[in-house]
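Report on one structure; see the data block that follows.
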Amino acid sequence: MSQQNAQSGLDEVEPDWAWQAWQPSDNEPWNAHRIAHLFRRAGFGASQQQIESAEKSDVTAILENLFRDAADTDRAWQESTDLAKAVLNGGDAKQLAGWWLRWMRVSPNPLREKATLFWHGHFATSADKVTDVESMLDQNQLLRQHSLGDFGEMVRAIAKDPAMLLYLDSAYNRKAHPNENFARELLELFCMGEGNYSEKDIQELARCFTGWEIRRNRYRFNSFQHDNGKKTIFGQANIESGEQAVDVVLRQPAVADFIVSKLFRYFFRDEVAMPAKLLKPLAEQMRNESLQIGGVLRRMLSSNLFFSDIVIAGKVRSPVDLAVSFLRSLDATTNYRKLAESLNILGQVVFYPPSVKGWDGGRAWINSSTLVGRANLIHQIVRDENTQFESLPLAEWVRKRGINDTADFVDFVCGQVFAKQPQATAKNKIVESCKDSGGRKYVEALSLLASLPEIQLS
Amino acid sequence: MPKSLRSHSSRSLEQNNTSRRKFLQSTLAGTAGIAIGSQLPESWLMAAANSSKSDRVMVVIQLTGGNDGLNTVVPYRNEDYKKARPKLAIARSDALSIDDDTGFHPSLKGVSELLQSGQFSVLQGVGYASPNRSHFESMDIWHTCHRKEDRKREGWIGNLLTSATDSSSSDAPGLHLGTEDQPLALASRDLQIPSVASIEQFRMQIADDKRLKESVHELIDASNDQAGSDLLNFIQAGTSSALAASERLDAALKSSQDSADFPKSALGEKLRIVSRLISAGLSTRVYYVTLDGFDTHAQQPDAHASLLKQWSEALSSFLKQMEAKGQADRVLVMTFSEFGRRVAENASEGTDHGAAAPMFLAGKSVKPGIVGKLPSLTELDDGDLRFHTDFRSVYATLIEDWFGVPSAKILGEQFKKLDLLRPT
């Protein structure tokens, strides 16, 4: 980790510069390259039209728009909710995965979906164990609702979330046998990280949650099973209820440090440890703002560090990110149920995280079977009859976009999809290889581009 | 990785394209005896030279549903056995003799031959205290080494691979082959272990087109020559490995020499794929396959015979194939089931859920024969055989003696090792 930090140059970065709002200059203009970076990290990429329209605007206005809490009453969301209800009738969480992938692709609020995916990995719950699909959808909505809001509110809600409590075996939490599972994960994985609490804190915390039950997939407090004794958590005596206990946890200073460093991993770089001097000002801000997520994330995504070469192309794309960004930046739509199945091979099916720890990300995504799988995924998407580009077949869409030859097409795709531009020699080879393939040249070019190592970076 | 390692290739595939040759040289690190599916750091090469354990592979065959141990390894002279199983007992004349008291089920011809050639062992009386007779809970216990109350969601193989995997390798550390849900044994907090349904998932589909295949080779080859960020270099190396593995698999698939040997059964197909992946030089350490259907509550004889035949034929073909490919010394196969079955047969010519049962090891490194005694057929635990050997002792032995890593942390405590493998 430290070696990677040194290589990244992150250790030399001064916090004052890092978190200052980035301003365009002659050397670093507000251009398609930086706009695409912002849309990739704060969402799942953007179409050419979106990037062109952002070029006429400025970074402040674009961020304003990304963080704007667009009403969920809009038509797209209504349509999506209707679809979700249809999925519930089927009772199949794999369908629900397809539903969410589609919403990530079409949502007018991509940052919110990107953040919801972050929280899904953070508060990881799997439909493998929680077989009630409605509970999984309800949790997803809960995470979406709080994704850019108040972390404390989110934790209070998740502590009573049926899917979570079913997943962590806390659905029957009895006085005589307090279940430590949720208490442990609340401290270790959700709020503080290892090393910031004692086993005694966990035991006391677990007592506070006794009597919290799930009956018929709804939270219920069973006072007969609640341990009414006084508990001491983090040195604070006379704690009685689970609600009080959660508040004590949320008041610990380590919470903001933990959340900020996880946001850094997800939105900035997952291969390096966040240096303490960079963490400190953001964690302080988060504490001062009563654990609001939006403020600190907005500062991060507006910053000099975010728009620097340390961050641009410094992340391995998750499978979901690879697929949804590919579709979104090329105005494409596909069969999302099938996409959800394909992502299984690559190690990431939404609603099915591998463990309570969520997805590790970074290099853990990459091995020889997933790399082959990633190339095959794009290969299949572009050949699938359900895949359309603005409702058109690929060749017609390319014509509509005013692109006339393979070289222009390869340049266009590289600009839209790649965070790290492939070498000119590679692009030339692709053009050479496909230019005589007639109607298939664009499909072939996309398959070849998908085999380049650079496509894995965001 | 150090560039110098890329010249270690001693292997060359049939080809006449210079850039292709360069690609192969750069990726097929064919240094003797070392898994070539990955880019290896120098330190690891040294370790490999010093310890032959680092390229060892284990194949796990899970017999799902509860295999009837007593009709697999048959105590044909035991009067209590005949008494408990008036309809299901297998006669001495039908069984394949192991010794004066014991014989294999008549379907186990391949397994019987493996034993005769010194490549098979039967571990009698394996189980655990206070046996759970639910399929799922008992299977979870075998997978996690903990009871449900402990709420462990990590598997022993997941933990093993976390300890025994070289993190610089880009091949999957373990692999589950099958369409069923991934066995909990492979769950890990720190490693991602893929489940794949078919060998197609290791093949680059673009390679179906010869021209595009050449282009991919050239592209990946060229990308390796350029210096990028540390992260990009890692992905470049991984992409080369992936392409090389895909290439070797393609070559292996085209050579039809093995396919005739494998039985046309689900398990045969899975083990055929595993044999190809091992022969193709992936650095994957554990392959996991399952054979379902052992829950023989009714009309057991035909169903059980057919399942055992499938297991025996597939296993024996697999080991023959490993021998033919020069891989036999580094491959061990472990077979287990979540429990055995009740000693007494039931009224529907079947058997109900039981407890202790035999486990099986196969491969050239196994000390052959029957290990441990058959538990008493009269001193029972609710009608079931009592275990005398904890399954975790078997795991501990494999972890330490086969993989060469300490077992206590992986299993949660130190279990007594058994004398199961030949000294190396």
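Chain labels follow the order of the structure tokens: the first chain is A, the next B, and so on; residue numbering restarts at 1 in every chain, and ligands are counted from 1 in their shown order.
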
Using only C-alpha atoms, which residues of chain A come within 6 Å of chain B, and what is the closest atom pair for each, with the distance in Å to one decimal? Give it as a Markdown table, sorted by chain and residue number.
| residue | atom | partner | partner_atom | distance |
| --- | --- | --- | --- | --- |
| A:Asn367 | CA | B:Ser170 | CA | 4.5 |
| A:Ser368 | CA | B:Ala242 | CA | 4.2 |
| A:Ser369 | CA | B:Phe202 | CA | 5.6 |
| A:Val372 | CA | B:Met204 | CA | 5.6 |
| A:Asn376 | CA | B:Gln205 | CA | 5.9 |
| A:Ala426 | CA | B:Leu219 | CA | 5.9 |
| A:Pro453 | CA | B:Gln236 | CA | 5.4 |

Could you go through segment 43-252 of chain B and tell me which residues DSSP, when run on the backbone, assigns to strand (DSSP E), listing them as a list of chain:residue names?
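Result set for segment 43-252 of chain B (strand (DSSP E)): B:Val57, B:Met58, B:Val59, B:Val60, B:Ile61, B:Gln62, B:Leu63, B:Thr64, B:Val73, B:Val74, B:Leu96, B:Ser97, B:Gly103, B:Phe104, B:Phe120, B:Ser121, B:Val122, B:Leu123, B:Gln124, B:Gly125, B:Val126, B:Gly127, B:Gly174, B:Leu175, B:His176, B:Leu177, B:Ser195, B:Val196.
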
Give the answer as one residue: which of A:Glu444, A:Asp128, A:Glu213, A:Asp309 has the shortest atom-to-atom distance to Ala171 of chain A, using only C-alpha atoms?
A:Glu213

Contacts of segment 109-153 of chain B with segment 363-378 of chain B up to 10 Å, shortest pair per row, only C-alpha atoms, as a tab-separated table:
residue	atom	partner	partner_atom	distance
B:Leu114	CA	B:Gly363	CA	8.4
B:Leu115	CA	B:Pro368	CA	6.3
B:Gln116	CA	B:Pro368	CA	8.4
B:Ser117	CA	B:Pro368	CA	8.6
B:Gly118	CA	B:Pro368	CA	5.1
B:Gln119	CA	B:Gly363	CA	4.8
B:Phe120	CA	B:Pro368	CA	5.0
B:Ser121	CA	B:Pro368	CA	4.7
B:Val122	CA	B:Ile370	CA	4.7
B:Leu123	CA	B:Val371	CA	4.8
B:Gln124	CA	B:Gly372	CA	5.3
B:Gly125	CA	B:Pro375	CA	5.8
B:Val126	CA	B:Gly372	CA	9.2

Using only C-alpha atoms, can you tell me which of B:Gly65, B:Val394, B:Lys53, B:Asn71 comes closest to Arg85 of chain B?
B:Asn71
